[in-house]
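With mmCIF, N, CA and C atoms inside, this is upload-v7.cif:
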data_protein
loop_
_atom_site.label_atom_id
_atom_site.label_comp_id
_atom_site.auth_asym_id
_atom_site.auth_seq_id
_atom_site.Cartn_x
_atom_site.Cartn_y
_atom_site.Cartn_z
N MET A 1457 -1.15 -8.55 14.46
CA MET A 1457 -0.97 -7.15 14.66
C MET A 1457 -1.93 -6.67 15.74
N THR A 1458 -1.77 -7.15 16.92
CA THR A 1458 -2.64 -6.75 18.01
C THR A 1458 -2.05 -5.62 18.84
N ASP A 1459 -0.80 -5.30 18.60
CA ASP A 1459 -0.15 -4.23 19.34
C ASP A 1459 -0.76 -2.88 18.94
N PRO A 1460 -1.34 -2.14 19.90
CA PRO A 1460 -1.98 -0.86 19.55
C PRO A 1460 -1.02 0.16 18.96
N THR A 1461 0.22 0.14 19.37
CA THR A 1461 1.19 1.09 18.84
C THR A 1461 1.46 0.81 17.37
N ARG A 1462 1.61 -0.46 17.02
CA ARG A 1462 1.83 -0.81 15.62
C ARG A 1462 0.63 -0.47 14.76
N LEU A 1463 -0.55 -0.73 15.29
CA LEU A 1463 -1.77 -0.43 14.55
C LEU A 1463 -1.91 1.07 14.34
N ARG A 1464 -1.65 1.85 15.37
CA ARG A 1464 -1.73 3.31 15.25
C ARG A 1464 -0.72 3.82 14.23
N ARG A 1465 0.49 3.28 14.27
CA ARG A 1465 1.52 3.69 13.31
C ARG A 1465 1.11 3.36 11.88
N LEU A 1466 0.51 2.18 11.68
CA LEU A 1466 0.06 1.78 10.35
C LEU A 1466 -1.05 2.69 9.85
N VAL A 1467 -2.01 2.99 10.71
CA VAL A 1467 -3.12 3.87 10.31
C VAL A 1467 -2.61 5.26 9.97
N CYS A 1468 -1.72 5.79 10.78
CA CYS A 1468 -1.16 7.12 10.51
C CYS A 1468 -0.36 7.13 9.21
N SER A 1469 0.41 6.09 8.98
CA SER A 1469 1.21 6.01 7.77
C SER A 1469 0.34 5.93 6.52
N LEU A 1470 -0.67 5.06 6.55
CA LEU A 1470 -1.55 4.93 5.40
C LEU A 1470 -2.35 6.21 5.17
N SER A 1471 -2.77 6.85 6.22
CA SER A 1471 -3.51 8.11 6.09
C SER A 1471 -2.64 9.20 5.47
N ALA A 1472 -1.40 9.26 5.90
CA ALA A 1472 -0.49 10.27 5.35
C ALA A 1472 -0.24 10.00 3.86
N TRP A 1473 0.02 8.75 3.51
CA TRP A 1473 0.23 8.41 2.10
C TRP A 1473 -1.00 8.72 1.28
N TRP A 1474 -2.19 8.41 1.81
CA TRP A 1474 -3.44 8.68 1.09
C TRP A 1474 -3.61 10.17 0.85
N LEU A 1475 -3.37 10.97 1.89
CA LEU A 1475 -3.52 12.42 1.76
C LEU A 1475 -2.53 13.00 0.76
N ILE A 1476 -1.29 12.58 0.83
CA ILE A 1476 -0.27 13.08 -0.10
C ILE A 1476 -0.60 12.68 -1.53
N LEU A 1477 -1.03 11.44 -1.73
CA LEU A 1477 -1.37 10.97 -3.07
C LEU A 1477 -2.59 11.71 -3.60
N ALA A 1478 -3.61 11.91 -2.77
CA ALA A 1478 -4.81 12.63 -3.21
C ALA A 1478 -4.48 14.06 -3.59
N MET A 1479 -3.68 14.72 -2.78
CA MET A 1479 -3.29 16.10 -3.09
C MET A 1479 -2.45 16.15 -4.36
N GLY A 1480 -1.56 15.18 -4.52
CA GLY A 1480 -0.74 15.14 -5.72
C GLY A 1480 -1.57 14.94 -6.98
N LEU A 1481 -2.55 14.05 -6.92
CA LEU A 1481 -3.42 13.83 -8.08
C LEU A 1481 -4.23 15.08 -8.39
N TRP A 1482 -4.73 15.72 -7.36
CA TRP A 1482 -5.53 16.93 -7.56
C TRP A 1482 -4.69 18.05 -8.16
N LEU A 1483 -3.48 18.25 -7.62
CA LEU A 1483 -2.61 19.29 -8.15
C LEU A 1483 -2.14 18.98 -9.58
N LEU A 1484 -1.87 17.73 -9.85
CA LEU A 1484 -1.48 17.34 -11.21
C LEU A 1484 -2.62 17.60 -12.19
N GLY A 1485 -3.83 17.29 -11.78
CA GLY A 1485 -4.98 17.57 -12.63
C GLY A 1485 -5.17 19.06 -12.86
N ARG A 1486 -4.98 19.85 -11.81
CA ARG A 1486 -5.11 21.31 -11.97
C ARG A 1486 -4.01 21.85 -12.89
N ALA A 1487 -2.81 21.32 -12.80
CA ALA A 1487 -1.69 21.80 -13.62
C ALA A 1487 -1.88 21.45 -15.09
N THR A 1488 -2.57 20.37 -15.38
CA THR A 1488 -2.77 19.95 -16.77
C THR A 1488 -4.14 20.34 -17.31
N ASP A 1489 -4.87 21.17 -16.59
CA ASP A 1489 -6.22 21.62 -16.98
C ASP A 1489 -7.18 20.46 -17.20
N GLN A 1490 -7.00 19.38 -16.46
CA GLN A 1490 -7.92 18.25 -16.49
C GLN A 1490 -8.37 17.95 -15.07
N SER A 1491 -8.72 19.00 -14.36
CA SER A 1491 -8.97 18.84 -12.94
C SER A 1491 -10.25 18.04 -12.68
N ALA A 1492 -10.17 17.22 -11.67
CA ALA A 1492 -11.31 16.47 -11.16
C ALA A 1492 -11.62 17.04 -9.78
N SER A 1493 -12.74 16.63 -9.25
CA SER A 1493 -13.09 17.12 -7.92
C SER A 1493 -12.14 16.52 -6.89
N PRO A 1494 -11.96 17.18 -5.78
CA PRO A 1494 -11.10 16.60 -4.73
C PRO A 1494 -11.60 15.24 -4.26
N TRP A 1495 -12.91 15.03 -4.27
CA TRP A 1495 -13.47 13.73 -3.88
C TRP A 1495 -13.08 12.63 -4.86
N ALA A 1496 -13.08 12.94 -6.14
CA ALA A 1496 -12.67 11.96 -7.15
C ALA A 1496 -11.18 11.62 -6.99
N CYS A 1497 -10.38 12.63 -6.72
CA CYS A 1497 -8.95 12.40 -6.50
C CYS A 1497 -8.72 11.58 -5.24
N ALA A 1498 -9.51 11.83 -4.20
CA ALA A 1498 -9.37 11.06 -2.96
C ALA A 1498 -9.76 9.60 -3.19
N ALA A 1499 -10.80 9.37 -3.98
CA ALA A 1499 -11.21 8.00 -4.29
C ALA A 1499 -10.14 7.28 -5.12
N SER A 1500 -9.59 7.98 -6.10
CA SER A 1500 -8.52 7.39 -6.90
C SER A 1500 -7.29 7.09 -6.05
N ALA A 1501 -6.97 7.98 -5.14
CA ALA A 1501 -5.83 7.78 -4.26
C ALA A 1501 -6.06 6.57 -3.36
N ALA A 1502 -7.28 6.41 -2.86
CA ALA A 1502 -7.59 5.25 -2.01
C ALA A 1502 -7.44 3.96 -2.81
N PHE A 1503 -7.89 3.96 -4.07
CA PHE A 1503 -7.75 2.78 -4.92
C PHE A 1503 -6.27 2.46 -5.17
N LEU A 1504 -5.50 3.48 -5.52
CA LEU A 1504 -4.07 3.26 -5.78
C LEU A 1504 -3.35 2.78 -4.52
N LEU A 1505 -3.73 3.32 -3.38
CA LEU A 1505 -3.13 2.90 -2.12
C LEU A 1505 -3.46 1.43 -1.82
N ALA A 1506 -4.70 1.04 -2.06
CA ALA A 1506 -5.11 -0.34 -1.82
C ALA A 1506 -4.37 -1.30 -2.75
N VAL A 1507 -4.23 -0.94 -4.01
CA VAL A 1507 -3.51 -1.78 -4.97
C VAL A 1507 -2.04 -1.89 -4.57
N GLY A 1508 -1.45 -0.78 -4.17
CA GLY A 1508 -0.05 -0.79 -3.75
C GLY A 1508 0.18 -1.63 -2.51
N GLU A 1509 -0.70 -1.52 -1.52
CA GLU A 1509 -0.57 -2.31 -0.30
C GLU A 1509 -0.76 -3.79 -0.59
N ALA A 1510 -1.71 -4.12 -1.47
CA ALA A 1510 -1.93 -5.53 -1.83
C ALA A 1510 -0.69 -6.08 -2.55
N GLY A 1511 -0.12 -5.29 -3.43
CA GLY A 1511 1.09 -5.72 -4.13
C GLY A 1511 2.26 -5.91 -3.17
N ASP A 1512 2.39 -5.02 -2.21
CA ASP A 1512 3.45 -5.14 -1.21
C ASP A 1512 3.25 -6.39 -0.37
N TRP A 1513 2.00 -6.68 0.01
CA TRP A 1513 1.70 -7.87 0.81
C TRP A 1513 2.05 -9.13 0.01
N LEU A 1514 1.68 -9.16 -1.28
CA LEU A 1514 2.00 -10.32 -2.12
C LEU A 1514 3.51 -10.48 -2.28
N ARG A 1515 4.21 -9.37 -2.44
CA ARG A 1515 5.68 -9.44 -2.59
C ARG A 1515 6.31 -10.02 -1.33
N ARG A 1516 5.85 -9.57 -0.15
CA ARG A 1516 6.42 -10.10 1.10
C ARG A 1516 6.08 -11.58 1.29
N ARG A 1517 4.86 -11.98 0.95
CA ARG A 1517 4.47 -13.39 1.08
C ARG A 1517 5.30 -14.26 0.12
N TRP A 1518 5.49 -13.78 -1.11
CA TRP A 1518 6.25 -14.55 -2.08
C TRP A 1518 7.70 -14.70 -1.64
N ARG A 1519 8.30 -13.64 -1.11
CA ARG A 1519 9.68 -13.72 -0.64
C ARG A 1519 9.78 -14.69 0.54
N HIS A 1520 8.81 -14.65 1.43
CA HIS A 1520 8.80 -15.58 2.57
C HIS A 1520 8.66 -17.01 2.07
N TYR A 1521 7.81 -17.23 1.09
CA TYR A 1521 7.61 -18.57 0.55
C TYR A 1521 8.90 -19.09 -0.09
N ARG A 1522 9.57 -18.24 -0.87
CA ARG A 1522 10.80 -18.68 -1.54
C ARG A 1522 11.93 -18.98 -0.57
N THR A 1523 12.03 -18.23 0.51
CA THR A 1523 13.15 -18.41 1.42
C THR A 1523 12.89 -19.45 2.51
N HIS A 1524 11.63 -19.83 2.75
CA HIS A 1524 11.32 -20.76 3.83
C HIS A 1524 10.73 -22.09 3.38
N ARG A 1525 10.69 -22.35 2.10
CA ARG A 1525 10.15 -23.63 1.66
C ARG A 1525 11.21 -24.73 1.82
N LYS A 1526 10.72 -25.92 2.03
CA LYS A 1526 11.63 -27.05 2.21
C LYS A 1526 12.09 -27.58 0.85
N PRO A 1527 13.36 -27.94 0.74
CA PRO A 1527 13.83 -28.49 -0.53
C PRO A 1527 13.24 -29.86 -0.78
N ARG A 1528 13.00 -30.14 -2.05
CA ARG A 1528 12.43 -31.44 -2.43
C ARG A 1528 13.52 -32.51 -2.44
N ARG A 1529 13.11 -33.70 -2.11
CA ARG A 1529 14.05 -34.82 -2.18
C ARG A 1529 13.78 -35.58 -3.47
N GLY A 1530 14.84 -35.87 -4.18
CA GLY A 1530 14.67 -36.49 -5.49
C GLY A 1530 15.02 -37.86 -5.54
#
Could you take the file, read its structure, and then write that structure out as structure tokens?
Amino acid sequence: MTDPTRLRRLVCSLSAWWLILAMGLWLLGRATDQSASPWACAASAAFLLAVGEAGDWLRRRWRHYRTHRKPRRG
């Protein structure tokens, strides 16, 4: 991923998802009277985003492995 356009698009996309998730967590907390600070919601959103991206990466690697492995000879 050395292409600057791809990198910029990835950073913008992850930033947008992080911001939306952080705002959603904060608003959900306010609506249920269990509000946390915006910083705590931002940290939780960053953690959830990292877990989601790691899961997506594993899913893509596993699909690539299943479709590109060589058949065994018996």
Have a look at A:Leu1475, A:Leu1470, A:Tyr1521, A:Arg1486 and name the one nearest to Ala1498 in chain A; count all atoms listed in the file.
A:Leu1475
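Of note, CA of Ala1492 in chain A and CA of Cys1468 in chain A are spaced 25.7 Å apart.
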Take atom N of Pro1460 in chain A and CA of Ala1472 in chain A and report the distance between them in Å, one decimal.
19.1 Å
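The closest residue to Met1479 in chain A, picked from A:Leu1514, A:Ala1501, A:Lys1526, A:Ala1506 and counting all atoms listed in the file, is A:Ala1501.
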Pairwise distance, CA of Trp1473 in chain A with CA of Ser1500 in chain A, equals 12.6 Å
Tell me, which residues of chain A carry DSSP alpha helix (DSSP H), written as a VMD selection string?
chain A and resid 1460 to 1487 1494 to 1524
Option closest in space to Gly1480 in chain A, from A:Leu1505, A:Trp1518, A:Cys1497, A:Arg1525 [counting all atoms listed in the file]:
A:Cys1497
Spatial neighbours of Ala1496 in chain A, 8 Å, all atoms listed in the file, chain gap at least 5 places, as number ranges by chain
A: 1478, 1481-1482, 1501-1502
